[in-house]
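This is my_file-v3.cif (mmCIF, C-alpha atoms (C1' of nucleotides)).
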```
data_input
loop_
_atom_site.label_atom_id
_atom_site.label_comp_id
_atom_site.auth_asym_id
_atom_site.auth_seq_id
_atom_site.Cartn_x
_atom_site.Cartn_y
_atom_site.Cartn_z
CA MET A 281 0.00 0.00 0.00
CA PRO A 282 2.27 2.74 -1.23
CA ARG A 283 0.20 5.80 -0.47
CA LYS A 284 2.53 8.68 0.10
CA SER A 285 0.86 11.80 -1.23
CA LYS A 286 -2.08 13.26 0.61
CA THR A 287 -4.23 12.88 -2.49
CA LYS A 288 -4.20 16.65 -2.88
CA GLN A 289 -4.53 16.69 -6.61
CA ARG A 290 -4.48 20.04 -8.30
CA SER A 291 -4.32 20.91 -11.95
CA GLY A 292 -1.23 22.12 -13.75
CA CYS A 293 -2.74 25.55 -14.28
CA PRO A 294 -0.26 28.30 -13.35
CA VAL A 295 -2.93 30.09 -11.35
CA SER A 296 -3.61 26.98 -9.32
CA ILE A 297 0.06 26.40 -8.65
CA SER A 298 0.54 30.01 -7.65
CA LEU A 299 -2.34 29.76 -5.24
CA GLU A 300 -0.88 26.70 -3.63
CA MET A 301 1.90 28.99 -2.43
CA LEU A 302 0.00 32.21 -1.92
CA GLY A 303 -3.58 31.17 -1.35
CA ASP A 304 -4.07 32.08 2.28
CA SER A 305 -4.74 35.27 4.16
CA TRP A 306 -1.24 35.90 5.44
CA SER A 307 1.43 35.09 2.86
CA LEU A 308 0.77 38.05 0.62
CA LEU A 309 0.60 40.41 3.58
CA ILE A 310 4.09 39.38 4.61
CA ILE A 311 5.22 39.90 1.04
CA ARG A 312 3.59 43.32 1.04
CA ASP A 313 5.49 44.24 4.20
CA LEU A 314 8.74 43.18 2.57
CA MET A 315 7.98 44.75 -0.76
CA VAL A 316 6.50 48.16 -0.06
CA ARG A 317 7.07 48.86 3.63
CA GLY A 318 10.67 47.87 3.95
CA TYR A 319 9.97 45.53 6.85
CA HIS A 320 12.36 42.65 7.17
CA THR A 321 12.21 41.19 10.67
CA PHE A 322 9.85 38.89 12.53
CA LYS A 323 8.92 41.59 14.96
CA GLU A 324 8.05 44.09 12.27
CA PHE A 325 5.71 41.64 10.57
CA GLN A 326 4.17 40.82 13.89
CA GLU A 327 3.49 44.47 14.64
CA SER A 328 2.38 45.29 11.12
CA GLY A 329 -1.18 45.91 12.23
CA GLU A 330 -2.90 42.81 10.89
CA GLY A 331 -2.68 40.79 14.09
CA ILE A 332 -0.99 37.64 12.89
CA ALA A 333 -0.23 35.06 15.56
CA THR A 334 3.43 34.26 16.07
CA ASN A 335 3.09 30.56 15.35
CA ILE A 336 1.37 31.28 12.06
CA LEU A 337 3.91 33.93 11.15
CA SER A 338 6.71 31.50 11.85
CA ASP A 339 4.99 28.86 9.75
CA ARG A 340 4.39 31.19 6.80
CA LEU A 341 7.95 32.46 6.79
CA LYS A 342 9.14 28.86 6.58
CA LYS A 343 6.80 28.05 3.76
CA LEU A 344 7.69 31.17 1.81
CA GLU A 345 11.33 30.30 2.20
CA ALA A 346 10.66 26.73 1.09
CA SER A 347 8.87 28.10 -1.98
CA GLY A 348 11.89 30.22 -2.86
CA ILE A 349 10.02 33.48 -2.43
CA ILE A 350 12.06 34.78 0.49
CA THR A 351 15.42 34.13 2.10
CA ALA A 352 16.26 34.21 5.81
CA GLU A 353 19.66 35.27 7.06
CA ARG A 354 21.00 36.06 10.49
CA GLU A 355 22.32 39.56 10.90
CA ALA A 356 26.06 39.78 11.50
CA SER A 357 25.94 42.69 13.93
CA ASP A 358 23.13 41.21 16.04
CA ARG A 359 22.91 37.43 15.87
CA ARG A 360 19.44 37.36 17.36
CA ARG A 361 17.99 39.10 14.37
CA VAL A 362 16.93 37.26 11.27
CA ASN A 363 16.71 39.33 8.12
CA TYR A 364 14.08 38.28 5.67
CA ARG A 365 14.39 39.34 2.08
CA LEU A 366 12.51 38.78 -1.16
CA THR A 367 14.20 36.67 -3.80
CA GLU A 368 13.94 37.50 -7.48
CA LYS A 369 10.94 35.20 -7.60
CA GLY A 370 9.51 37.16 -4.69
CA ILE A 371 10.02 40.59 -6.14
CA ASP A 372 8.45 39.34 -9.36
CA LEU A 373 5.20 39.31 -7.42
CA ALA A 374 5.19 43.10 -7.50
CA PRO A 375 2.74 43.27 -10.43
CA VAL A 376 0.33 40.95 -8.63
CA MET A 377 0.61 43.05 -5.49
CA LEU A 378 0.09 46.30 -7.37
CA GLU A 379 -3.01 45.04 -9.15
CA LEU A 380 -4.42 43.72 -5.90
CA LEU A 381 -3.81 47.08 -4.30
CA ILE A 382 -5.46 48.97 -7.12
CA TRP A 383 -8.43 46.64 -7.16
CA GLY A 384 -8.96 46.86 -3.42
CA ALA A 385 -8.68 50.62 -3.38
CA ARG A 386 -11.09 50.95 -6.29
CA HIS A 387 -13.80 48.71 -4.96
CA GLU A 388 -13.63 49.00 -1.20
CA ASN A 389 -13.48 51.77 1.31
CA THR A 390 -9.90 51.50 2.32
CA GLY A 391 -7.65 53.76 4.32
CA ALA A 392 -5.75 54.72 1.19
CA PRO A 393 -6.39 58.11 -0.38
CA CYS A 394 -7.86 57.71 -3.86
CA ALA A 395 -5.52 60.28 -5.36
CA VAL A 396 -2.45 58.28 -4.40
CA ILE A 397 -3.85 55.07 -5.81
CA ASP A 398 -5.07 56.72 -8.99
CA ARG A 399 -1.64 58.04 -9.63
CA MET A 400 -0.16 54.59 -9.13
CA ALA A 401 -2.71 53.09 -11.51
CA GLN A 402 -1.73 55.70 -14.07
CA ASN A 403 1.97 54.93 -13.74
CA ARG A 404 2.13 51.22 -13.16
CA GLU A 405 5.42 50.68 -14.91
CA GLN A 406 7.10 53.49 -13.08
CA VAL A 407 5.91 52.21 -9.72
CA LEU A 408 7.13 48.71 -10.51
CA GLN A 409 10.50 50.00 -11.59
CA GLU A 410 10.86 51.94 -8.39
CA VAL A 411 9.92 48.93 -6.26
CA ARG A 412 12.46 46.82 -8.06
CA ARG A 413 15.12 49.47 -7.82
CA ARG A 414 14.77 49.66 -4.05
CA TRP A 415 14.89 45.91 -3.82
CA GLN A 416 18.12 45.80 -5.81
CA ASN A 417 19.71 48.55 -3.75
CA HIS A 418 18.57 47.07 -0.44
CA ASP A 419 16.82 50.37 0.04
CA LEU A 420 14.33 49.93 2.87
CA THR A 421 12.55 53.24 2.47
CA PRO A 422 8.83 52.46 2.37
CA VAL A 423 7.12 52.88 -1.00
CA LEU A 424 3.81 53.18 0.79
CA PRO A 425 2.95 54.04 4.39
CA ARG A 426 0.76 51.96 6.66
CA PHE A 427 -2.83 52.80 5.87
CA GLU A 428 -4.31 53.11 9.30
CA ASN A 429 -7.94 52.45 9.75
CA MET B 196 -21.09 43.47 27.47
CA PRO B 197 -21.58 44.49 23.88
CA ARG B 198 -19.10 42.22 22.13
CA LYS B 199 -20.32 41.68 18.62
CA SER B 200 -17.31 41.45 16.36
CA LYS B 201 -15.00 38.46 16.59
CA THR B 202 -12.06 40.76 17.33
CA LYS B 203 -10.75 40.10 13.84
CA GLN B 204 -8.96 43.37 13.44
CA ARG B 205 -7.28 44.05 10.15
CA SER B 206 -5.70 47.19 8.84
CA GLY B 207 -7.26 49.52 6.30
CA CYS B 208 -4.68 48.62 3.68
CA PRO B 209 -6.32 47.82 0.34
CA VAL B 210 -4.24 44.69 0.00
CA SER B 211 -5.43 43.45 3.37
CA ILE B 212 -9.04 44.16 2.54
CA SER B 213 -8.71 42.44 -0.83
CA LEU B 214 -7.24 39.39 0.84
CA GLU B 215 -10.09 39.20 3.26
CA MET B 216 -12.24 38.37 0.23
CA LEU B 217 -9.76 36.46 -1.91
CA GLY B 218 -7.20 35.10 0.51
CA ASP B 219 -7.92 31.39 0.34
CA SER B 220 -7.06 28.63 -2.06
CA TRP B 221 -10.40 28.39 -3.81
CA SER B 222 -11.97 31.78 -4.46
CA LEU B 223 -9.58 32.85 -7.19
CA LEU B 224 -9.86 29.48 -8.89
CA ILE B 225 -13.60 29.90 -9.18
CA ILE B 226 -13.02 33.38 -10.54
CA ARG B 227 -10.53 31.97 -13.03
CA ASP B 228 -13.11 29.46 -14.21
CA LEU B 229 -15.62 32.24 -14.71
CA MET B 230 -13.16 34.63 -16.29
CA VAL B 231 -11.08 32.61 -18.72
CA ARG B 232 -12.78 29.26 -19.12
CA GLY B 233 -16.35 30.35 -19.57
CA TYR B 234 -17.61 28.11 -16.77
CA HIS B 235 -20.71 29.34 -15.03
CA THR B 236 -22.41 26.50 -13.19
CA PHE B 237 -21.83 24.65 -9.94
CA LYS B 238 -21.13 21.44 -11.75
CA GLU B 239 -18.54 22.95 -14.03
CA PHE B 240 -16.61 24.42 -11.11
CA GLN B 241 -16.83 21.11 -9.33
CA GLU B 242 -15.39 19.25 -12.30
CA SER B 243 -12.79 21.89 -13.08
CA GLY B 244 -9.95 19.58 -12.12
CA GLU B 245 -8.93 21.08 -8.79
CA GLY B 246 -11.01 18.77 -6.65
CA ILE B 247 -12.97 21.23 -4.58
CA ALA B 248 -15.49 19.70 -2.19
CA THR B 249 -19.11 20.62 -2.80
CA ASN B 250 -19.68 22.14 0.62
CA ILE B 251 -16.68 24.41 0.20
CA LEU B 252 -17.71 25.34 -3.32
CA SER B 253 -21.16 26.22 -2.08
CA ASP B 254 -19.69 28.30 0.72
CA ARG B 255 -17.28 30.18 -1.53
CA LEU B 256 -19.98 30.97 -4.08
CA LYS B 257 -22.04 32.49 -1.30
CA LYS B 258 -19.15 34.53 0.00
CA LEU B 259 -18.19 35.76 -3.45
CA GLU B 260 -21.78 36.78 -4.01
CA ALA B 261 -21.88 38.53 -0.64
CA SER B 262 -18.71 40.41 -1.60
CA GLY B 263 -20.30 41.60 -4.82
CA ILE B 264 -17.82 39.76 -7.01
CA ILE B 265 -20.31 37.40 -8.62
CA THR B 266 -24.05 37.16 -9.13
CA ALA B 267 -26.20 34.05 -9.03
CA GLU B 268 -29.28 33.69 -11.14
CA ARG B 269 -31.53 30.77 -11.90
CA GLU B 270 -31.75 29.87 -15.54
CA ALA B 271 -35.17 30.44 -17.10
CA SER B 272 -35.12 27.38 -19.36
CA ASP B 273 -33.97 25.01 -16.61
CA ARG B 274 -34.89 26.13 -13.12
CA ARG B 275 -32.47 23.71 -11.52
CA ARG B 276 -29.51 25.48 -12.98
CA VAL B 277 -27.94 28.49 -11.32
CA ASN B 278 -25.90 30.73 -13.57
CA TYR B 279 -22.98 32.42 -11.91
CA ARG B 280 -21.51 35.48 -13.47
CA LEU B 281 -18.81 38.00 -12.66
CA THR B 282 -19.90 41.49 -11.74
CA GLU B 283 -17.98 44.54 -12.87
CA LYS B 284 -16.06 44.30 -9.61
CA GLY B 285 -15.35 40.69 -10.45
CA ILE B 286 -14.13 41.27 -13.98
CA ASP B 287 -11.92 44.03 -12.63
CA LEU B 288 -9.88 41.24 -11.08
CA ALA B 289 -8.65 40.32 -14.55
CA PRO B 290 -5.33 42.17 -14.12
CA VAL B 291 -4.68 40.37 -10.83
CA MET B 292 -5.49 37.05 -12.45
CA LEU B 293 -3.28 37.74 -15.45
CA GLU B 294 -0.30 38.70 -13.32
CA LEU B 295 -0.78 35.65 -11.15
CA LEU B 296 -0.87 33.51 -14.26
CA ILE B 297 2.28 35.05 -15.69
CA TRP B 298 4.11 34.76 -12.40
CA GLY B 299 3.18 31.13 -11.90
CA ALA B 300 4.11 30.20 -15.44
CA ARG B 301 7.43 31.98 -15.18
CA HIS B 302 8.55 30.51 -11.90
CA GLU B 303 7.03 27.06 -11.76
CA ASN B 304 6.80 24.08 -14.01
CA THR B 305 3.23 24.38 -15.04
CA GLY B 306 1.22 22.68 -17.71
CA ALA B 307 1.09 25.88 -19.73
CA PRO B 308 3.33 26.20 -22.79
CA CYS B 309 5.83 29.03 -22.30
CA ALA B 310 5.21 30.44 -25.74
CA VAL B 311 1.54 31.07 -24.99
CA ILE B 312 2.30 32.75 -21.70
CA ASP B 313 5.12 34.84 -23.13
CA ARG B 314 2.80 36.14 -25.77
CA MET B 315 0.25 37.07 -23.13
CA ALA B 316 2.91 38.83 -21.08
CA GLN B 317 3.89 40.78 -24.17
CA ASN B 318 0.31 41.86 -24.87
CA ARG B 319 -1.22 42.35 -21.48
CA GLU B 320 -3.56 45.15 -22.51
CA GLN B 321 -4.84 43.25 -25.48
CA VAL B 322 -5.53 40.15 -23.40
CA LEU B 323 -7.36 42.19 -20.80
CA GLN B 324 -9.46 43.89 -23.43
CA GLU B 325 -10.40 40.56 -24.92
CA VAL B 326 -11.36 39.14 -21.54
CA ARG B 327 -13.52 42.14 -20.84
CA ARG B 328 -15.09 42.05 -24.29
CA ARG B 329 -16.18 38.47 -23.81
CA TRP B 330 -17.57 39.28 -20.41
CA GLN B 331 -19.63 42.13 -21.83
CA ASN B 332 -20.95 40.04 -24.70
CA HIS B 333 -21.73 37.04 -22.47
CA ASP B 334 -19.35 35.19 -24.73
CA LEU B 335 -18.44 31.95 -23.01
CA THR B 336 -15.69 30.88 -25.39
CA PRO B 337 -12.68 30.04 -23.24
CA VAL B 338 -9.76 32.43 -23.38
CA LEU B 339 -7.50 29.67 -22.14
CA PRO B 340 -7.88 25.89 -22.13
CA ARG B 341 -7.53 23.66 -19.08
CA PHE B 342 -3.87 23.04 -18.54
CA GLU B 343 -3.82 19.37 -17.80
CA ASN B 344 -1.07 17.96 -15.71
"C1'" DA C 15 29.44 39.39 36.04
"C1'" DT C 16 24.95 38.94 36.99
"C1'" DT C 17 20.45 40.30 35.82
"C1'" DT C 18 17.17 42.00 32.59
"C1'" DT C 19 15.55 42.63 28.08
"C1'" DT C 20 14.94 41.52 23.32
"C1'" DG C 21 14.12 38.79 19.03
"C1'" DA C 22 12.63 34.78 17.20
"C1'" DC C 23 10.59 31.31 17.83
"C1'" DT C 24 7.76 26.60 20.29
"C1'" DT C 25 4.22 24.37 22.76
"C1'" DG C 26 -0.39 23.25 24.43
"C1'" DC C 27 -4.92 23.58 23.84
"C1'" DA C 28 -9.56 25.27 22.42
"C1'" DT C 29 -11.94 26.84 18.31
"C1'" DT C 30 -12.64 27.06 13.46
"C1'" DT C 31 -12.23 25.53 8.87
"C1'" DT C 32 -11.67 21.86 5.67
"C1'" DG C 33 -12.25 17.43 3.30
"C1'" DC C 34 -15.02 13.53 2.36
"C1'" DA C 35 -19.12 10.59 1.96
"C1'" DA C 36 -23.67 10.47 2.02
"C1'" DG C 37 -27.90 12.45 1.84
"C1'" DT C 38 -31.81 15.90 0.20
"C1'" DT C 39 -34.68 18.84 -2.69
"C1'" DA C 40 -36.35 20.73 -6.78
"C1'" DC C 41 -36.64 20.32 -11.25
"C1'" DT C 42 -36.35 17.58 -16.22
"C1'" DT C 43 -36.19 13.83 -19.14
"C1'" DT C 44 -37.83 9.26 -20.55
"C1'" DA D 28 -44.56 7.46 -12.93
"C1'" DA D 29 -39.63 6.51 -12.67
"C1'" DA D 30 -35.08 7.80 -13.30
"C1'" DG D 31 -31.76 11.25 -13.73
"C1'" DT D 32 -29.60 15.69 -12.90
"C1'" DA D 33 -28.16 20.27 -10.66
"C1'" DA D 34 -27.32 22.39 -6.67
"C1'" DC D 35 -26.98 22.09 -2.58
"C1'" DT D 36 -26.92 20.14 3.11
"C1'" DT D 37 -25.48 17.38 6.79
"C1'" DG D 38 -22.43 14.75 9.79
"C1'" DC D 39 -18.16 13.81 11.22
"C1'" DA D 40 -13.09 13.22 11.33
"C1'" DA D 41 -8.86 15.66 10.30
"C1'" DA D 42 -6.29 19.70 9.67
"C1'" DA D 43 -5.42 24.60 10.24
"C1'" DT D 44 -5.86 28.63 13.13
"C1'" DG D 45 -5.88 31.73 17.20
"C1'" DC D 46 -4.34 32.62 21.76
"C1'" DA D 47 -1.56 32.54 25.93
"C1'" DA D 48 2.40 31.07 27.78
"C1'" DG D 49 6.97 29.34 27.65
"C1'" DT D 50 11.86 28.61 25.69
"C1'" DC D 51 16.41 29.95 24.27
"C1'" DA D 52 20.28 32.43 22.64
"C1'" DA D 53 22.24 36.91 22.26
"C1'" DA D 54 22.60 41.71 23.68
"C1'" DA D 55 22.05 45.61 27.07
"C1'" DA D 56 21.78 47.35 31.48
"C1'" DT D 57 23.28 47.40 36.14
#
```
Since I need it in another form, could you write the structure as structure tokens?
Amino acid sequence: MPRKSKTKQRSGCPVSISLEMLGDSWSLLIIRDLMVRGYHTFKEFQESGEGIATNILSDRLKKLEASGIITAEREASDRRRVNYRLTEKGIDLAPVMLELLIWGARHENTGAPCAVIDRMAQNREQVLQEVRRRWQNHDLTPVLPRFEN
Amino acid sequence: MPRKSKTKQRSGCPVSISLEMLGDSWSLLIIRDLMVRGYHTFKEFQESGEGIATNILSDRLKKLEASGIITAEREASDRRRVNYRLTEKGIDLAPVMLELLIWGARHENTGAPCAVIDRMAQNREQVLQEVRRRWQNHDLTPVLPRFEN
DNA sequence: ATTTTTGACTTGCATTTTGCAAGTTACTTT
DNA sequence: AAAGTAACTTGCAAAATGCAAGTCAAAAAT
């Protein structure tokens, strides 16, 4: 009785495979923190305002690392700290993130000012270039602030 | 003791709010079926190759309807059938879907031929226009086939 | 050089969500 | 009238999640 796999059969559709990695409520929020807020430590994610539990955060970081979306590296100057960083594969999610942001802002009452979002929607390519530039330069200046409620 | 809400406090960030509606493994797959495959009935979603359980499918359809992303309407010619359809808000998810598709195809071994995806990535606007055109015309011709595994 | 604090996790346990099989109900077809 | 079909429900076990508390190594404070 060689039954190894958990019978979780999904199709080979790219969308389906993407969702196997990203299809939960937390993964993309962590990626947002890394991508547009310049967060890069456990504590920052934890305090990012969404209220993620530490065990779940720990689990998601592991899974994202296993998927090759982020890397984890201990800081040289303070060995307690772990620095999380997007890989190339991770930063390539910027277009998905941007479209999700624009969609949410357009169809829901969010804490984000419409003017800001409209301008981003008008200049998608520019925004994406800027996000990628900061990633390359290890520039942790936030692209967007926290939208408080 | 007026404690109504389940203390589920999330931030006002558009991404967070979007994920409250879409952040699970099934919702976006149903939307994909509606958007690019021309599926529109319970049975079609069920047989779409991802193996969703009927109780979950039923639940997600309700939630998507409650979020204003889809509508449900009984067919006149066969009152058993319920026709699901994307709303404007729903079809506006096309850019998110497209970017998710491109990302998945680029970074994972999917069942989708690279040439097809590359061409889509090169002509994003055209693809989006076509998707929207079909939606407007109630044209159920699939934009993409099922990528078998 | 101890003690305290900090960052990044585990662990235990109750609650919630999911997956699966088996109904059920309202039509339609034969 | 009987059989089939579409869209669900229901019941229950298994898995995932949320919450509070604890661990552990490294750094800061005393």
Taking the file as I've supplied it (selection: the PyMOL selection byres ((chain B) within 7 of (chain D))), which residues are included? Please answer as a ChimeraX atom specification. /B:237,275-276
Excluding Glu325 (chain B) and residues on its chain fewer than 4 positions from it, collect all residues at most 12 Å away from it, counting all atoms listed in the file, and give them as a PyMOL selection string. chain B and resi 230-231+286+289+315+318-321+329-332+334-339
Explicit residues for the PyMOL selection byres ((chain A) within 12 of (chain C)) (as a list in words): Lys286, Thr287, Lys288, Thr321, Phe322, Lys323, Glu324, Phe325, Gln326, Ala333, Thr334, Asn335, Ile336, Leu337, Ser338, Asp339, Leu341, Lys342, Ala352, Arg354, Glu355, Asp358, Arg359, Arg360, Arg361, Val362 and Asn363 of chain A
Can you spit out the residues from that selection as a CSV table (one decimal), keeping the file's coordinate frame, using C-alpha atoms?
```
chain,number,residue,atom,x,y,z
A,286,LYS,CA,-2.1,13.3,0.6
A,287,THR,CA,-4.2,12.9,-2.5
A,288,LYS,CA,-4.2,16.6,-2.9
A,321,THR,CA,12.2,41.2,10.7
A,322,PHE,CA,9.8,38.9,12.5
A,323,LYS,CA,8.9,41.6,15.0
A,324,GLU,CA,8.0,44.1,12.3
A,325,PHE,CA,5.7,41.6,10.6
A,326,GLN,CA,4.2,40.8,13.9
A,333,ALA,CA,-0.2,35.1,15.6
A,334,THR,CA,3.4,34.3,16.1
A,335,ASN,CA,3.1,30.6,15.4
A,336,ILE,CA,1.4,31.3,12.1
A,337,LEU,CA,3.9,33.9,11.2
A,338,SER,CA,6.7,31.5,11.8
A,339,ASP,CA,5.0,28.9,9.8
A,341,LEU,CA,8.0,32.5,6.8
A,342,LYS,CA,9.1,28.9,6.6
A,352,ALA,CA,16.3,34.2,5.8
A,354,ARG,CA,21.0,36.1,10.5
A,355,GLU,CA,22.3,39.6,10.9
A,358,ASP,CA,23.1,41.2,16.0
A,359,ARG,CA,22.9,37.4,15.9
A,360,ARG,CA,19.4,37.4,17.4
A,361,ARG,CA,18.0,39.1,14.4
A,362,VAL,CA,16.9,37.3,11.3
A,363,ASN,CA,16.7,39.3,8.1
```
Residue hits in chain B, query chain A, radius 6 Å, all atoms listed in the file, as a list in words: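 Every residue meeting the condition is included here: Arg205, Ser206, Gly207, Cys208, Pro209, Val210, Ser213, Leu214, Gly218, Asp219, Ser220, Gly244, Glu245, Val291, Glu294, Leu295, Leu296, Gly299, Ala300, Thr305, Gly306, Phe342, Glu343 and Asn344 of chain B.
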Would you save the residues from that selection as a compact mmCIF listing (two decimals), keeping the file's coordinate frame, using C-alpha atoms?
```txt
# COMPACT_ATOMS: atom_id res chain seq x y z
CA ARG B 205 -7.28 44.05 10.15
CA SER B 206 -5.70 47.19 8.84
CA GLY B 207 -7.26 49.52 6.30
CA CYS B 208 -4.68 48.62 3.68
CA PRO B 209 -6.32 47.82 0.34
CA VAL B 210 -4.24 44.69 0.00
CA SER B 213 -8.71 42.44 -0.83
CA LEU B 214 -7.24 39.39 0.84
CA GLY B 218 -7.20 35.10 0.51
CA ASP B 219 -7.92 31.39 0.34
CA SER B 220 -7.06 28.63 -2.06
CA GLY B 244 -9.95 19.58 -12.12
CA GLU B 245 -8.93 21.08 -8.79
CA VAL B 291 -4.68 40.37 -10.83
CA GLU B 294 -0.30 38.70 -13.32
CA LEU B 295 -0.78 35.65 -11.15
CA LEU B 296 -0.87 33.51 -14.26
CA GLY B 299 3.18 31.13 -11.90
CA ALA B 300 4.11 30.20 -15.44
CA THR B 305 3.23 24.38 -15.04
CA GLY B 306 1.22 22.68 -17.71
CA PHE B 342 -3.87 23.04 -18.54
CA GLU B 343 -3.82 19.37 -17.80
CA ASN B 344 -1.07 17.96 -15.71
```
Can you work out the spacing between CA of Ile310 (chain A) and CA of Thr351 (chain A) in Å, to one decimal? 12.7 Å
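The two atoms in question, CA of Arg314 (chain B) and CA of Arg232 (chain B), are spaced 18.3 Å apart.
Taking CA of Leu229 (chain B) and CA of Arg280 (chain B) as endpoints, the distance between them is 6.8 Å.
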Copy chain D out of the block into a file, keeping C-alpha atoms (C1' of nucleotides), as a tab-separated table (two decimals), in the first residue's frame.
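Result file selection-v9.tsv:
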```tsv
chain	number	residue	atom	x	y	z
D	28	DA	C1'	-44.56	7.46	-12.93
D	29	DA	C1'	-39.63	6.51	-12.67
D	30	DA	C1'	-35.08	7.80	-13.30
D	31	DG	C1'	-31.76	11.25	-13.73
D	32	DT	C1'	-29.60	15.69	-12.90
D	33	DA	C1'	-28.16	20.27	-10.66
D	34	DA	C1'	-27.32	22.39	-6.67
D	35	DC	C1'	-26.98	22.09	-2.58
D	36	DT	C1'	-26.92	20.14	3.11
D	37	DT	C1'	-25.48	17.38	6.79
D	38	DG	C1'	-22.43	14.75	9.79
D	39	DC	C1'	-18.16	13.81	11.22
D	40	DA	C1'	-13.09	13.22	11.33
D	41	DA	C1'	-8.86	15.66	10.30
D	42	DA	C1'	-6.29	19.70	9.67
D	43	DA	C1'	-5.42	24.60	10.24
D	44	DT	C1'	-5.86	28.63	13.13
D	45	DG	C1'	-5.88	31.73	17.20
D	46	DC	C1'	-4.34	32.62	21.76
D	47	DA	C1'	-1.56	32.54	25.93
D	48	DA	C1'	2.40	31.07	27.78
D	49	DG	C1'	6.97	29.34	27.65
D	50	DT	C1'	11.86	28.61	25.69
D	51	DC	C1'	16.41	29.95	24.27
D	52	DA	C1'	20.28	32.43	22.64
D	53	DA	C1'	22.24	36.91	22.26
D	54	DA	C1'	22.60	41.71	23.68
D	55	DA	C1'	22.05	45.61	27.07
D	56	DA	C1'	21.78	47.35	31.48
D	57	DT	C1'	23.28	47.40	36.14
```
